[in-house]
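Enquirer: Supplied in structure tokens, the structure appears directly below.
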Amino acid sequence: MAQQASFRAFVSAGWLAGALRTRPSLRVLDATWYSPGGKNAQKEFEERHIPGASFFDLEQCKDQKSPYEMMLPSQSTFAKFVGNLGINNSSQVVVYDSANLGMLYAPRLWWMFRLFGHNNVSVLDGGLKNWIQQGFPVTSETTKVKPENFQTVLNPKLLKSFEEIQENISSKKFQVADARSESRFKGPEPKPGEDIEPGHIRGSVNLPFSSFLSKEGYEKSPDELKRLFQEKGIDLTKPLTATCRRGVTACHIALASFVLGQEDTAVYDGSWSEFVHRGKPEHKVYERKSGKA
């Protein structure tokens with residue numbers, strides 16, 4: 001497993017199975033999320049989860065007043081939410097999700113913990129899918145936790161605002177990579193049923209989050225990750241910001257770059273769901289069937 005500083009970006013299913021027996025400060029969180037109106041992530045969790053895990057509801061732990069899809073909660077909201085899950089500043093945290101891809105939502109929670117000053121957090125490589133495939137147990141039993149006190153310290157290096165993204169289009173102070181699929185990044189048409197047009201921020205490059213994952217759902221090797229960044233012309237010795245639709249899959253870029261030694265990759269929290277509404281027309285790039293716009 002790749003390790004950055006004193007904290008692991010990823011832990012294996014085998015490591016986690018052993019740690020659950022020997023590390024009382026370990027807290028495991030299921031960060032599975034579905035769009036409102038879709039499948040019920042909490043119900044799935046109640047039916048089947050890693051023993052000792054708690055459910056982290058990304059839909060509840062966000063800015064409920066924002067018109068955009070997945071904006072960060074306040075520091076106090078995050079601290080209370082995390083504390084109620086039995087986590088304090090000494091806790092070791094492992095996050096996972098149940099996506100068929102292996103990992104989809106967990107990197108968002110990994111980034112949130114680091115943004116709010118808690119670096120002792122890792123992602124379960126391969127997620128619940130591979131935990132089960134390796135023969136480790138799941139349960140429907142409720143995990144009882146004692147509420148703890150959790151203090152946040154914001155790391156501003158890991159976050160970008162709309163204003164900073166807009167200013168960067170001309171200043172080019174940092175690179176911008178978009179984690180969505182090529183069809184969402186370029187256009188020309190939205191996916192049936194989606195309420196947001198495709199396109200991207202001028203000057204950004206497309207680096208789909210799925211390219212970081214093996215067909216089995218594990219994170220690819222550091223050499224493979226390095227090649228993916230190089231092929232897109234991204235220099236990890238220089239500042240990098242990740243974006244996507246709602247600031248979720250962008251965290252895969254932050255996680256992959258962390259594995260390669262770039263600890264300060266930022267995430268544009270509002271991502272395309274904000275920029276498509278607030279950005280200037282000349283700062284939004286998309287393709288019509290007849291050509292670029």
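Each chain in the structure tokens gets a letter, A, B, ..., in the order shown, and its residues are numbered from 1; ligands are numbered from 1 in order too.
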Using only C-alpha atoms, determine which residues lie at most 7 Å from range 114-130 of chain A, disregarding the query and same-chain residues fewer than 3 positions distant; provide the list as a ChimeraX atom specification.

Expert: /A:7-13,89,92-98,100,102-103,106-107,110-111,133-134,152-155,158,217-219

Enquirer: In range 142-292 of chain A, what's strand (DSSP E) per DSSP? Answer as a VMD selection string?

Expert: chain A and resid 159 to 160 175 to 178 200 to 201 205 to 206 240 to 243 266 to 268 284 to 285 287 to 288 291 to 292

Enquirer: Would you mind listing what lies within 12 Å of Ala256 in chain A as a VMD selection string, with only C-alpha atoms counted and same-chain residues fewer than 6 positions away left out?

Expert: chain A and resid 2 to 4 9 to 10 107 110 to 111 123 179 207 to 213 218 to 229 236 240 242 249 to 250 262 to 265

Enquirer: Generate the output file for the selected residues, N, CA, C and O atoms, as a short mmCIF file (atom, residue, chain, number, x, y, z; two decimals), in the first residue's frame.

Expert:
```cif
data_model
loop_
_atom_site.label_atom_id
_atom_site.label_comp_id
_atom_site.auth_asym_id
_atom_site.auth_seq_id
_atom_site.Cartn_x
_atom_site.Cartn_y
_atom_site.Cartn_z
N ALA A 2 0.51 2.22 -0.85
CA ALA A 2 1.24 3.47 -0.86
C ALA A 2 0.98 4.22 0.44
O ALA A 2 -0.11 4.18 0.99
N GLN A 3 2.02 4.88 0.94
CA GLN A 3 1.87 5.62 2.19
C GLN A 3 2.45 7.01 2.02
O GLN A 3 3.53 7.18 1.48
N GLN A 4 1.72 8.02 2.44
CA GLN A 4 2.17 9.40 2.35
C GLN A 4 2.35 9.95 3.75
O GLN A 4 1.46 9.88 4.57
N ALA A 9 -2.97 6.55 2.34
CA ALA A 9 -4.08 6.96 1.49
C ALA A 9 -5.09 5.82 1.40
O ALA A 9 -6.30 6.04 1.44
N PHE A 10 -4.58 4.59 1.30
CA PHE A 10 -5.43 3.41 1.18
C PHE A 10 -5.03 2.37 2.22
O PHE A 10 -3.86 2.27 2.61
N PRO A 107 -13.79 8.78 -1.58
CA PRO A 107 -12.78 9.83 -1.64
C PRO A 107 -13.30 11.21 -1.25
O PRO A 107 -12.54 12.04 -0.75
N TRP A 110 -13.01 11.24 2.48
CA TRP A 110 -11.56 11.31 2.78
C TRP A 110 -11.08 12.74 2.67
O TRP A 110 -10.39 13.25 3.56
N TRP A 111 -11.46 13.43 1.59
CA TRP A 111 -11.04 14.82 1.39
C TRP A 111 -11.67 15.74 2.43
O TRP A 111 -11.00 16.65 2.94
N VAL A 123 -8.83 5.40 2.74
CA VAL A 123 -9.91 4.80 1.95
C VAL A 123 -9.66 3.30 1.87
O VAL A 123 -8.53 2.85 1.68
N ALA A 179 -12.86 15.62 -13.44
CA ALA A 179 -12.94 14.17 -13.25
C ALA A 179 -14.13 13.51 -13.94
O ALA A 179 -14.29 12.29 -13.85
N LEU A 207 -9.70 14.43 -16.97
CA LEU A 207 -9.04 13.27 -16.39
C LEU A 207 -10.10 12.46 -15.64
O LEU A 207 -10.27 12.60 -14.44
N PRO A 208 -10.84 11.61 -16.35
CA PRO A 208 -11.97 10.89 -15.74
C PRO A 208 -11.54 10.07 -14.53
O PRO A 208 -10.53 9.37 -14.56
N PHE A 209 -12.32 10.17 -13.45
CA PHE A 209 -11.97 9.47 -12.22
C PHE A 209 -11.89 7.97 -12.43
O PHE A 209 -11.11 7.27 -11.77
N SER A 210 -12.69 7.44 -13.36
CA SER A 210 -12.71 5.99 -13.58
C SER A 210 -11.38 5.48 -14.12
O SER A 210 -11.07 4.29 -13.98
N SER A 211 -10.58 6.37 -14.70
CA SER A 211 -9.29 5.94 -15.25
C SER A 211 -8.30 5.55 -14.15
O SER A 211 -7.32 4.86 -14.41
N PHE A 212 -8.58 5.97 -12.90
CA PHE A 212 -7.69 5.62 -11.79
C PHE A 212 -7.96 4.22 -11.25
O PHE A 212 -7.16 3.70 -10.46
N LEU A 213 -9.08 3.62 -11.64
CA LEU A 213 -9.50 2.35 -11.06
C LEU A 213 -9.24 1.19 -12.00
O LEU A 213 -9.47 1.28 -13.21
N TYR A 218 -9.98 -1.58 -7.77
CA TYR A 218 -8.90 -1.11 -6.91
C TYR A 218 -8.21 0.10 -7.55
O TYR A 218 -8.28 0.30 -8.76
N GLU A 219 -7.53 0.88 -6.71
CA GLU A 219 -6.72 1.97 -7.23
C GLU A 219 -5.54 1.38 -8.00
O GLU A 219 -4.90 0.41 -7.58
N LYS A 220 -5.26 1.99 -9.16
CA LYS A 220 -4.13 1.53 -9.96
C LYS A 220 -2.81 1.83 -9.26
O LYS A 220 -2.76 2.58 -8.29
N SER A 221 -1.73 1.24 -9.75
CA SER A 221 -0.42 1.40 -9.14
C SER A 221 0.07 2.84 -9.29
O SER A 221 -0.37 3.56 -10.19
N PRO A 222 1.00 3.27 -8.42
CA PRO A 222 1.54 4.62 -8.56
C PRO A 222 2.12 4.91 -9.94
O PRO A 222 1.95 6.01 -10.46
N ASP A 223 2.80 3.92 -10.55
CA ASP A 223 3.35 4.13 -11.89
C ASP A 223 2.24 4.39 -12.91
O ASP A 223 2.38 5.25 -13.79
N GLU A 224 1.16 3.65 -12.79
CA GLU A 224 0.03 3.85 -13.71
C GLU A 224 -0.62 5.21 -13.47
O GLU A 224 -1.00 5.90 -14.42
N LEU A 225 -0.77 5.60 -12.20
CA LEU A 225 -1.35 6.90 -11.89
C LEU A 225 -0.48 8.02 -12.44
O LEU A 225 -0.99 9.00 -13.03
N LYS A 226 0.82 7.88 -12.26
CA LYS A 226 1.74 8.92 -12.74
C LYS A 226 1.61 9.08 -14.25
O LYS A 226 1.59 10.21 -14.76
N ARG A 227 1.49 7.98 -14.96
CA ARG A 227 1.37 8.05 -16.42
C ARG A 227 0.08 8.77 -16.83
O ARG A 227 0.06 9.55 -17.78
N LEU A 228 -1.01 8.52 -16.10
CA LEU A 228 -2.29 9.17 -16.42
C LEU A 228 -2.19 10.69 -16.31
O LEU A 228 -2.69 11.42 -17.16
N PHE A 229 -1.53 11.17 -15.25
CA PHE A 229 -1.35 12.61 -15.10
C PHE A 229 -0.43 13.16 -16.20
O PHE A 229 -0.71 14.22 -16.78
N LEU A 236 2.60 17.53 -11.40
CA LEU A 236 2.25 17.42 -9.99
C LEU A 236 3.23 18.14 -9.07
O LEU A 236 3.06 18.11 -7.85
N LEU A 240 -2.52 22.24 -8.29
CA LEU A 240 -3.57 21.56 -9.05
C LEU A 240 -4.89 21.66 -8.30
O LEU A 240 -4.93 21.52 -7.08
N ALA A 242 -8.99 20.18 -8.61
CA ALA A 242 -9.86 19.20 -9.25
C ALA A 242 -11.30 19.67 -9.23
O ALA A 242 -11.76 20.30 -8.28
N THR A 249 -16.54 13.20 -7.43
CA THR A 249 -15.51 12.44 -8.14
C THR A 249 -14.22 13.24 -8.31
O THR A 249 -13.15 12.66 -8.53
N ALA A 250 -14.30 14.58 -8.18
CA ALA A 250 -13.07 15.39 -8.19
C ALA A 250 -12.11 14.92 -7.11
O ALA A 250 -10.88 15.02 -7.27
N GLN A 262 1.64 14.72 -4.06
CA GLN A 262 1.07 16.06 -4.09
C GLN A 262 -0.05 16.12 -3.04
O GLN A 262 -1.18 15.73 -3.28
N GLU A 263 0.29 16.60 -1.86
CA GLU A 263 -0.64 16.58 -0.73
C GLU A 263 -1.67 17.70 -0.77
O GLU A 263 -2.69 17.62 -0.07
N ASP A 264 -1.42 18.74 -1.58
CA ASP A 264 -2.25 19.94 -1.50
C ASP A 264 -3.16 20.15 -2.70
O ASP A 264 -3.58 21.28 -2.97
N THR A 265 -3.48 19.10 -3.43
CA THR A 265 -4.44 19.26 -4.52
C THR A 265 -5.77 19.74 -3.94
O THR A 265 -6.31 19.14 -3.01
#
```

Enquirer: For the structure I just gave you, how does DSSP split range 39-88 of chain A - specifically, which residues are alpha helix (DSSP H)? Reply as a VMD selection string.

Expert: chain A and resid 41 to 47 75 to 83

Enquirer: Report the distance between CA of Lys280 in chain A and CA of Leu72 in chain A in Å, rounded to one decimal place.

Expert: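 Computing the Euclidean distance for CA of Lys280 in chain A and CA of Leu72 in chain A yields 23.4 Å.
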